[in-house]
Every structure is written in C-alpha cells, then in structure tokens.
Amino acid sequence: MIIKKEDIQSTYKSQDTEEWLDMYFTRPIGYLWARFFNHFDVHPNVVTIFSIILGVAAGVMFYYKDLWHNVAGVLLLMWANFYDSCDGQLARMTGKKTHWGRMLDGFAGDLWFLVIYFSISFRLLNEFIPFTHVEWSIWIFVLCTFSGIVCHARQCQLADYYRNIHLYFMKGVSNELDNSSQQQQILDMTPKKGNFWWRIFLKNYVRYTRAQEKLTPNFQLLMNEIKTSRNGRVSKKFCDDFRSKSRPLMKYANILTFNCRAITLYVACLIDEPWLYPTIEIIVFSSLSLFMQYRHENMCKHFLQQLKAGAY
C-alpha cells in the first residue's frame, strides 16, 4: 500500500495549525491506524475510547520508579497519542464527525493527565523535596493540583481556542468554534430522561467554553462587533490579515498542547525527578501561555479598532 503525502495532509485541520512533530511523526502513524480502522469500519469514537484506556494505563506506569515501568509509560502514552491523532483523521476521512466525539476527544486528554498527576503525587509522597530533608507529603498534591487545574487546564483551553479562532477566519467557518450560549441552549433542549451521560458531557462543555470566553475578552468584543455591526460577515481581506497576524501565535499554541508537555514528562520520569514536570508546567508553560494571551488580546483589540473605524 503506497501512502502519499497528499493523502495524509488531507486529514489535517490545516497546515497553519499543525505542529512539526505531528506532521512528520504523529500524523503519518495516526493515518496508518486510521486506514486500518477504516478498513474494519471502526467508528472514530471507539478509537478515542481505546486512546483513553492506553493513556490511563500509561499514567499508572509513571507511579513506579524503575526504568522499565517508565519506558512502558512513555510507549503507552505515545500509542495513546497516535490514537488521539487517528480518531480525528478517521473522522475527517469518513465524514463521521460528531459533537459527542469532539467532546469525548477533549475528555480523553484530561483523563490521561489526571491519572498522570495522581501517579506522580503518590510516587513522591514519601520522598524528600530536592535539596532538603523534608518529605513532600501533602505538598506534592498541592503542586500537582495547582499545575493541573490552574495551569495545565488554562493553557489547553487557550491553545485549543486560539487554533479554532485561526481556523474560523482561515476557512470562514469552524465547527469547533463553539460558544457557551449555544451549548447552553443545546443542554436546555436535551431531555433529562435517557440522556444522563450526554447532559453531563454538555454541562462540562458549557463550563469549558465559558472559561475560554472569560480568558479572551477582547476577542469576544471583536466577535460581538462582527455580529452586530457586520451581520456576522467580514471581508476576505480582514480574514487574510487576521490569519497573517494569528499564524505566528500558532507555534505557541502548539507548544502548549501535547508534544512539548509529554516530552517534559518523559524526561522528568525517566531521570526519576517527576517533580520537574509540574514545576516546569507552572513556571515555563504558564509564562508562555500568558505571553500568547497578551499578544492575541492585543491583536484582537487592534482589529476591533479597525472595524469600528470603518476599515475593511
């Protein structure tokens, strides 16, 4: 079977938003898995569930201190990530895109790292804090909780939102640029009877989209201006200019998604210093996230002023 580069690229969301490591490593392998699952008519959501199982198993491996368990954790998490790439490629390849699938896909990554943070915490519970004779005790849970809930979640929300914003102005439409009002309406219209788990997913997704909106006030003002003053439409020149300004920020969004975070985790656990992972998350990744947010908000403020001044 000959796999052409164009075949793999056809399953990308866009070249602008793809990371280098994904394009040359994760996506090609994910594409092969997508072809495999497509041959057996496996639904993308089933592949996502496979990725959850693999990612959770990987997280458990990082609880152990010996090298072989940690190597197994690395390999399992890489495998889970191949499936995470595969499910989206398979959905685009077959046209089997569902709202449920997209939310399940986001939940998968959250569950992986939830188990990883717990594993790191229990692994270090009775270990000494570096350069001291004091045990981590409860403090490792504090460190990992702050890293995961305050830092990690915020970074992923922003990175995901900024890439979907970029796709919105690049393609003119993005099925993934949702807003909390729409999602709340879907939730309100969904009967309680027989939809327990779907409503749980929707409630979490409403909170997720609302958090994204709170983090991006200038973009919300820009979109409100487009909807109220421009009837929801802007010129091609506006879209091109927005994309031109937004594209440089995509490299920061990509750093804040999976690959750089996973590599940091791999190194920290393999050298038996897992505390480094949440520490780098808090210091380095959070700083980059704040810088990206600052740049994006200023960009949106600029385009808002341009629209109000009658440009475009």
# chains A, B, ... in the order shown; residues from 1 in each chain; ligands from 1
>>> closest_atom_pairs(of="segment 10-125 of chain A", to="segment 144-149 of chain A", cutoff="12 Å", atoms="only C-alpha atoms", output="CSV")
residue,atom,partner,partner_atom,distance
A:Gly109,CA,A:Gly148,CA,11.9
A:Asp110,CA,A:Gly148,CA,9.3
A:Leu111,CA,A:Gly148,CA,11.2
A:Trp112,CA,A:Gly148,CA,11.4
A:Phe113,CA,A:Gly148,CA,7.9
A:Leu114,CA,A:Gly148,CA,7.6
A:Val115,CA,A:Gly148,CA,10.7
A:Ile116,CA,A:Cys144,CA,9.6
A:Tyr117,CA,A:Cys144,CA,5.9
A:Phe118,CA,A:Cys144,CA,7.8
A:Ser119,CA,A:Cys144,CA,10.1
A:Ile120,CA,A:Cys144,CA,8.1
A:Ser121,CA,A:Cys144,CA,6.9
A:Phe122,CA,A:Cys144,CA,10.6
A:Arg123,CA,A:Cys144,CA,11.9
A:Leu124,CA,A:Cys144,CA,10.9
A:Leu125,CA,A:Cys144,CA,11.6
>>> write_last_selection(atoms="N, CA and C atoms", output="PDB file, in the first residue's frame")
ATOM      1  N   GLY A 109      -7.778  13.425  26.772  1.00  0.00           N
ATOM      2  CA  GLY A 109      -6.526  14.020  27.227  1.00  0.00           C
ATOM      3  C   GLY A 109      -6.572  14.440  28.686  1.00  0.00           C
ATOM      4  N   ASP A 110      -7.721  14.970  29.109  1.00  0.00           N
ATOM      5  CA  ASP A 110      -7.871  15.370  30.517  1.00  0.00           C
ATOM      6  C   ASP A 110      -7.716  14.166  31.440  1.00  0.00           C
ATOM      7  N   LEU A 111      -8.298  13.053  31.040  1.00  0.00           N
ATOM      8  CA  LEU A 111      -8.239  11.851  31.866  1.00  0.00           C
ATOM      9  C   LEU A 111      -6.821  11.286  31.932  1.00  0.00           C
ATOM     10  N   TRP A 112      -6.109  11.304  30.794  1.00  0.00           N
ATOM     11  CA  TRP A 112      -4.707  10.857  30.799  1.00  0.00           C
ATOM     12  C   TRP A 112      -3.924  11.592  31.881  1.00  0.00           C
ATOM     13  N   PHE A 113      -4.014  12.925  31.819  1.00  0.00           N
ATOM     14  CA  PHE A 113      -3.160  13.727  32.696  1.00  0.00           C
ATOM     15  C   PHE A 113      -3.663  13.739  34.135  1.00  0.00           C
ATOM     16  N   LEU A 114      -4.945  13.525  34.338  1.00  0.00           N
ATOM     17  CA  LEU A 114      -5.447  13.375  35.700  1.00  0.00           C
ATOM     18  C   LEU A 114      -4.763  12.189  36.378  1.00  0.00           C
ATOM     19  N   VAL A 115      -4.703  11.065  35.674  1.00  0.00           N
ATOM     20  CA  VAL A 115      -4.046   9.872  36.216  1.00  0.00           C
ATOM     21  C   VAL A 115      -2.545  10.113  36.372  1.00  0.00           C
ATOM     22  N   ILE A 116      -1.949  10.814  35.423  1.00  0.00           N
ATOM     23  CA  ILE A 116      -0.509  11.112  35.499  1.00  0.00           C
ATOM     24  C   ILE A 116      -0.191  11.947  36.735  1.00  0.00           C
ATOM     25  N   TYR A 117      -0.987  12.979  36.994  1.00  0.00           N
ATOM     26  CA  TYR A 117      -0.739  13.831  38.170  1.00  0.00           C
ATOM     27  C   TYR A 117      -0.891  13.035  39.469  1.00  0.00           C
ATOM     28  N   PHE A 118      -1.914  12.183  39.531  1.00  0.00           N
ATOM     29  CA  PHE A 118      -2.092  11.349  40.724  1.00  0.00           C
ATOM     30  C   PHE A 118      -0.915  10.383  40.891  1.00  0.00           C
ATOM     31  N   SER A 119      -0.468   9.801  39.801  1.00  0.00           N
ATOM     32  CA  SER A 119       0.639   8.845  39.864  1.00  0.00           C
ATOM     33  C   SER A 119       1.919   9.511  40.345  1.00  0.00           C
ATOM     34  N   ILE A 120       2.194  10.692  39.826  1.00  0.00           N
ATOM     35  CA  ILE A 120       3.376  11.436  40.259  1.00  0.00           C
ATOM     36  C   ILE A 120       3.276  11.777  41.747  1.00  0.00           C
ATOM     37  N   SER A 121       2.088  12.180  42.162  1.00  0.00           N
ATOM     38  CA  SER A 121       1.895  12.573  43.563  1.00  0.00           C
ATOM     39  C   SER A 121       2.143  11.406  44.509  1.00  0.00           C
ATOM     40  N   PHE A 122       1.554  10.260  44.204  1.00  0.00           N
ATOM     41  CA  PHE A 122       1.753   9.094  45.075  1.00  0.00           C
ATOM     42  C   PHE A 122       3.181   8.556  44.984  1.00  0.00           C
ATOM     43  N   ARG A 123       3.792   8.717  43.828  1.00  0.00           N
ATOM     44  CA  ARG A 123       5.188   8.277  43.665  1.00  0.00           C
ATOM     45  C   ARG A 123       6.130   9.064  44.570  1.00  0.00           C
ATOM     46  N   LEU A 124       5.856  10.340  44.742  1.00  0.00           N
ATOM     47  CA  LEU A 124       6.752  11.211  45.503  1.00  0.00           C
ATOM     48  C   LEU A 124       6.315  11.425  46.951  1.00  0.00           C
ATOM     49  N   LEU A 125       5.195  10.867  47.323  1.00  0.00           N
ATOM     50  CA  LEU A 125       4.571  11.150  48.624  1.00  0.00           C
ATOM     51  C   LEU A 125       5.556  11.072  49.791  1.00  0.00           C
TER      52      LEU A 125
END
>>> residues_around(residues="Leu158 of chain A", least_positions_apart="3", cutoff="8 Å", atoms="only C-alpha atoms", output="number ranges by chain")
A: 154-155, 161-162, 212, 215, 253, 289, 293
>>> select_by_dssp(residues="segment 128-301 of chain A", states="alpha helix (DSSP H)", output="PyMOL selection string")
chain A and resi 139-145+153-171+180-189+196-215+217-229+236-246+250-255+259-270+276-280+286-301
>>> residues_around(residues="segment 216-230 of chain A", least_positions_apart="4", cutoff="9 Å", atoms="only C-alpha atoms", output="MDAnalysis selection string")
chainID A and resid 158 211:212 234 293 296:301 303:305 307:308
>>> write_last_selection(atoms="C-alpha atoms", output="compact mmCIF listing (two decimals), in the first residue's frame")
# COMPACT_ATOMS: atom_id res chain seq x y z
CA LEU A 158 -6.39 28.90 25.36
CA ALA A 211 -13.91 29.57 30.63
CA GLN A 212 -12.46 30.14 27.15
CA VAL A 234 -16.26 40.29 7.25
CA GLN A 293 -2.68 35.56 25.61
CA HIS A 296 -3.64 37.60 20.98
CA GLU A 297 -5.71 40.02 23.04
CA ASN A 298 -3.73 42.98 21.68
CA MET A 299 -4.22 41.67 18.15
CA CYS A 300 -7.99 41.40 18.68
CA LYS A 301 -8.08 44.89 20.17
CA PHE A 303 -8.77 44.58 14.67
CA LEU A 304 -11.72 45.78 16.76
CA GLN A 305 -10.49 49.36 16.48
CA LEU A 307 -13.58 47.67 12.29
CA LYS A 308 -15.05 50.48 14.39
>>> atom_distance(atom1="atom CA of Phe82 of chain A", atom2="atom CA of Thr26 of chain A")
5.9 Å
>>> atom_distance(atom1="atom CA of Cys269 of chain A", atom2="atom CA of Tyr64 of chain A")
9.3 Å
>>> residues_around(residues="Ala159 of chain A", least_positions_apart="4", cutoff="12 Å", atoms="only C-alpha atoms", output="PyMOL selection string")
chain A and resi 17+152-155+163-166+212+215-216+249-258+285-286+288-293+296
>>> atom_distance(atom1="atom CA of His69 of chain A", atom2="atom CA of Glu135 of chain A")
23.4 Å
>>> residues_around(residues="segment 34-44 of chain A", least_positions_apart="3", cutoff="7 Å", atoms="only C-alpha atoms", output="CSV table (one decimal) with N, CA and C atoms, in the first residue's frame")
chain,number,residue,atom,x,y,z
A,30,GLY,N,-0.6,8.0,12.8
A,30,GLY,CA,-2.1,8.1,13.0
A,30,GLY,C,-2.9,7.8,11.8
A,31,TYR,N,-2.3,8.2,10.6
A,31,TYR,CA,-3.0,8.0,9.3
A,31,TYR,C,-3.1,6.5,9.0
A,47,VAL,N,-12.2,4.5,18.7
A,47,VAL,CA,-10.7,4.7,18.7
A,47,VAL,C,-10.4,5.7,19.9
A,48,THR,N,-11.2,6.7,20.1
A,48,THR,CA,-11.0,7.6,21.2
A,48,THR,C,-11.0,6.8,22.5
A,86,CYS,N,-5.3,9.7,15.3
A,86,CYS,CA,-6.1,8.8,14.4
A,86,CYS,C,-7.6,9.1,14.4
A,87,ASP,N,-8.2,9.3,15.6
A,87,ASP,CA,-9.6,9.4,15.7
A,87,ASP,C,-10.1,10.7,14.9
A,89,GLN,N,-8.4,12.1,12.4
A,89,GLN,CA,-8.1,11.8,10.9
A,89,GLN,C,-9.2,10.9,10.4
A,90,LEU,N,-9.5,9.9,11.2
A,90,LEU,CA,-10.6,8.9,10.7
A,90,LEU,C,-11.9,9.6,10.6
A,91,ALA,N,-12.2,10.5,11.5
A,91,ALA,CA,-13.5,11.3,11.4
A,91,ALA,C,-13.5,12.1,10.1
>>> residues_around(residues="Trp100 of chain A", least_positions_apart="6", cutoff="10 Å", atoms="only C-alpha atoms", output="list of chain:residue names")
A:Asn45, A:Trp198, A:Phe201, A:Leu202
>>> closest_residue(among="A:Leu21, A:Leu54, A:Val71, A:Leu32", to="Asp272 of chain A", atoms="only C-alpha atoms")
A:Val71
>>> residues_around(residues="segment 177-185 of chain A", least_positions_apart="2", cutoff="9 Å", atoms="only C-alpha atoms", output="PyMOL selection string")
chain A and resi 161+164-165+167-168+173-175+187-190+202-203+205-213
>>> decode(residues="segment 119-234 of chain A", atoms="C-alpha atoms", output="mmCIF file, in the first residue's frame")
data_model
loop_
_atom_site.group_PDB
_atom_site.id
_atom_site.type_symbol
_atom_site.label_atom_id
_atom_site.label_comp_id
_atom_site.auth_asym_id
_atom_site.auth_seq_id
_atom_site.Cartn_x
_atom_site.Cartn_y
_atom_site.Cartn_z
ATOM 1 C CA SER A 119 0.639 8.845 39.864
ATOM 2 C CA ILE A 120 3.376 11.436 40.259
ATOM 3 C CA SER A 121 1.895 12.573 43.563
ATOM 4 C CA PHE A 122 1.753 9.094 45.075
ATOM 5 C CA ARG A 123 5.188 8.277 43.665
ATOM 6 C CA LEU A 124 6.752 11.211 45.503
ATOM 7 C CA LEU A 125 4.571 11.150 48.624
ATOM 8 C CA ASN A 126 7.278 9.826 50.970
ATOM 9 C CA GLU A 127 10.275 11.154 49.026
ATOM 10 C CA PHE A 128 12.359 14.144 50.070
ATOM 11 C CA ILE A 129 11.894 17.520 48.435
ATOM 12 C CA PRO A 130 15.073 18.120 46.388
ATOM 13 C CA PHE A 131 17.970 19.707 48.327
ATOM 14 C CA THR A 132 16.123 19.278 51.652
ATOM 15 C CA HIS A 133 15.468 16.641 54.304
ATOM 16 C CA VAL A 134 11.737 17.361 54.251
ATOM 17 C CA GLU A 135 9.303 14.856 52.743
ATOM 18 C CA TRP A 136 6.956 16.010 50.008
ATOM 19 C CA SER A 137 3.930 14.674 51.895
ATOM 20 C CA ILE A 138 0.801 16.703 51.082
ATOM 21 C CA TRP A 139 2.820 19.356 49.226
ATOM 22 C CA ILE A 140 3.259 17.225 46.119
ATOM 23 C CA PHE A 141 -0.548 17.033 45.858
ATOM 24 C CA VAL A 142 -0.708 20.831 46.200
ATOM 25 C CA LEU A 143 1.945 21.244 43.498
ATOM 26 C CA CYS A 144 0.277 18.821 41.081
ATOM 27 C CA THR A 145 -3.222 20.177 41.743
ATOM 28 C CA PHE A 146 -2.109 23.753 41.030
ATOM 29 C CA SER A 147 -0.158 22.599 37.983
ATOM 30 C CA GLY A 148 -3.040 20.544 36.592
ATOM 31 C CA ILE A 149 -6.145 22.566 37.417
ATOM 32 C CA VAL A 150 -4.860 26.146 37.347
ATOM 33 C CA CYS A 151 -2.033 25.954 34.801
ATOM 34 C CA HIS A 152 -2.479 22.939 32.534
ATOM 35 C CA ALA A 153 -6.239 23.366 32.062
ATOM 36 C CA ARG A 154 -5.932 27.082 31.329
ATOM 37 C CA GLN A 155 -3.120 26.560 28.830
ATOM 38 C CA CYS A 156 -5.016 23.878 26.908
ATOM 39 C CA GLN A 157 -8.211 25.939 26.874
ATOM 40 C CA LEU A 158 -6.388 28.896 25.356
ATOM 41 C CA ALA A 159 -4.326 26.884 22.873
ATOM 42 C CA ASP A 160 -7.380 24.990 21.636
ATOM 43 C CA TYR A 161 -9.462 28.165 21.377
ATOM 44 C CA TYR A 162 -6.808 30.160 19.533
ATOM 45 C CA ARG A 163 -6.340 27.423 16.955
ATOM 46 C CA ASN A 164 -10.099 27.229 16.387
ATOM 47 C CA ILE A 165 -10.260 31.026 16.055
ATOM 48 C CA HIS A 166 -7.491 30.849 13.464
ATOM 49 C CA LEU A 167 -9.391 28.159 11.543
ATOM 50 C CA TYR A 168 -12.589 30.215 11.736
ATOM 51 C CA PHE A 169 -11.051 33.188 9.928
ATOM 52 C CA MET A 170 -8.996 30.958 7.665
ATOM 53 C CA LYS A 171 -11.837 28.795 6.378
ATOM 54 C CA GLY A 172 -14.753 31.115 7.051
ATOM 55 C CA VAL A 173 -16.312 28.530 9.303
ATOM 56 C CA SER A 174 -15.160 26.230 12.075
ATOM 57 C CA ASN A 175 -17.437 23.617 13.543
ATOM 58 C CA GLU A 176 -15.268 23.722 16.653
ATOM 59 C CA LEU A 177 -15.551 27.438 17.459
ATOM 60 C CA ASP A 178 -18.446 26.992 19.812
ATOM 61 C CA ASN A 179 -19.789 29.472 22.328
ATOM 62 C CA SER A 180 -21.296 28.874 25.743
ATOM 63 C CA SER A 181 -24.703 30.344 24.838
ATOM 64 C CA GLN A 182 -25.187 27.853 22.002
ATOM 65 C CA GLN A 183 -24.044 24.968 24.167
ATOM 66 C CA GLN A 184 -26.343 26.058 27.000
ATOM 67 C CA GLN A 185 -29.279 26.069 24.559
ATOM 68 C CA ILE A 186 -28.391 22.539 23.446
ATOM 69 C CA LEU A 187 -28.236 21.483 27.094
ATOM 70 C CA ASP A 188 -31.580 23.131 27.906
ATOM 71 C CA MET A 189 -33.250 21.435 24.914
ATOM 72 C CA THR A 190 -31.883 17.982 25.779
ATOM 73 C CA PRO A 191 -34.456 15.908 27.731
ATOM 74 C CA LYS A 192 -33.248 14.664 31.094
ATOM 75 C CA LYS A 193 -34.776 11.244 30.621
ATOM 76 C CA GLY A 194 -32.418 8.846 28.889
ATOM 77 C CA ASN A 195 -29.678 11.445 28.397
ATOM 78 C CA PHE A 196 -27.852 11.383 31.718
ATOM 79 C CA TRP A 197 -24.279 10.989 30.396
ATOM 80 C CA TRP A 198 -24.846 13.244 27.384
ATOM 81 C CA ARG A 199 -26.101 16.006 29.690
ATOM 82 C CA ILE A 200 -23.050 15.544 31.960
ATOM 83 C CA PHE A 201 -20.805 15.996 28.918
ATOM 84 C CA LEU A 202 -22.791 19.049 27.806
ATOM 85 C CA LYS A 203 -22.618 20.663 31.257
ATOM 86 C CA ASN A 204 -18.855 20.236 31.319
ATOM 87 C CA TYR A 205 -18.585 21.584 27.789
ATOM 88 C CA VAL A 206 -20.655 24.653 28.697
ATOM 89 C CA ARG A 207 -18.205 25.323 31.545
ATOM 90 C CA TYR A 208 -15.264 24.727 29.199
ATOM 91 C CA THR A 209 -16.474 27.186 26.528
ATOM 92 C CA ARG A 210 -17.434 29.739 29.187
ATOM 93 C CA ALA A 211 -13.912 29.565 30.631
ATOM 94 C CA GLN A 212 -12.457 30.137 27.146
ATOM 95 C CA GLU A 213 -14.634 33.220 26.704
ATOM 96 C CA LYS A 214 -13.605 34.666 30.070
ATOM 97 C CA LEU A 215 -9.949 34.330 29.100
ATOM 98 C CA THR A 216 -10.468 36.192 25.796
ATOM 99 C CA PRO A 217 -12.437 39.408 26.486
ATOM 100 C CA ASN A 218 -11.095 41.368 23.501
ATOM 101 C CA PHE A 219 -11.867 38.554 21.095
ATOM 102 C CA GLN A 220 -15.424 38.397 22.475
ATOM 103 C CA LEU A 221 -15.772 42.148 21.834
ATOM 104 C CA LEU A 222 -14.436 41.665 18.308
ATOM 105 C CA MET A 223 -16.910 38.872 17.562
ATOM 106 C CA ASN A 224 -19.751 40.925 19.024
ATOM 107 C CA GLU A 225 -18.793 43.819 16.719
ATOM 108 C CA ILE A 226 -18.758 41.485 13.716
ATOM 109 C CA LYS A 227 -22.171 40.070 14.619
ATOM 110 C CA THR A 228 -23.919 43.341 15.459
ATOM 111 C CA SER A 229 -22.340 45.795 13.003
ATOM 112 C CA ARG A 230 -21.328 43.486 10.165
ATOM 113 C CA ASN A 231 -24.172 40.977 10.246
ATOM 114 C CA GLY A 232 -21.685 38.263 11.117
ATOM 115 C CA ARG A 233 -19.656 38.819 7.953
ATOM 116 C CA VAL A 234 -16.256 40.292 7.248
#
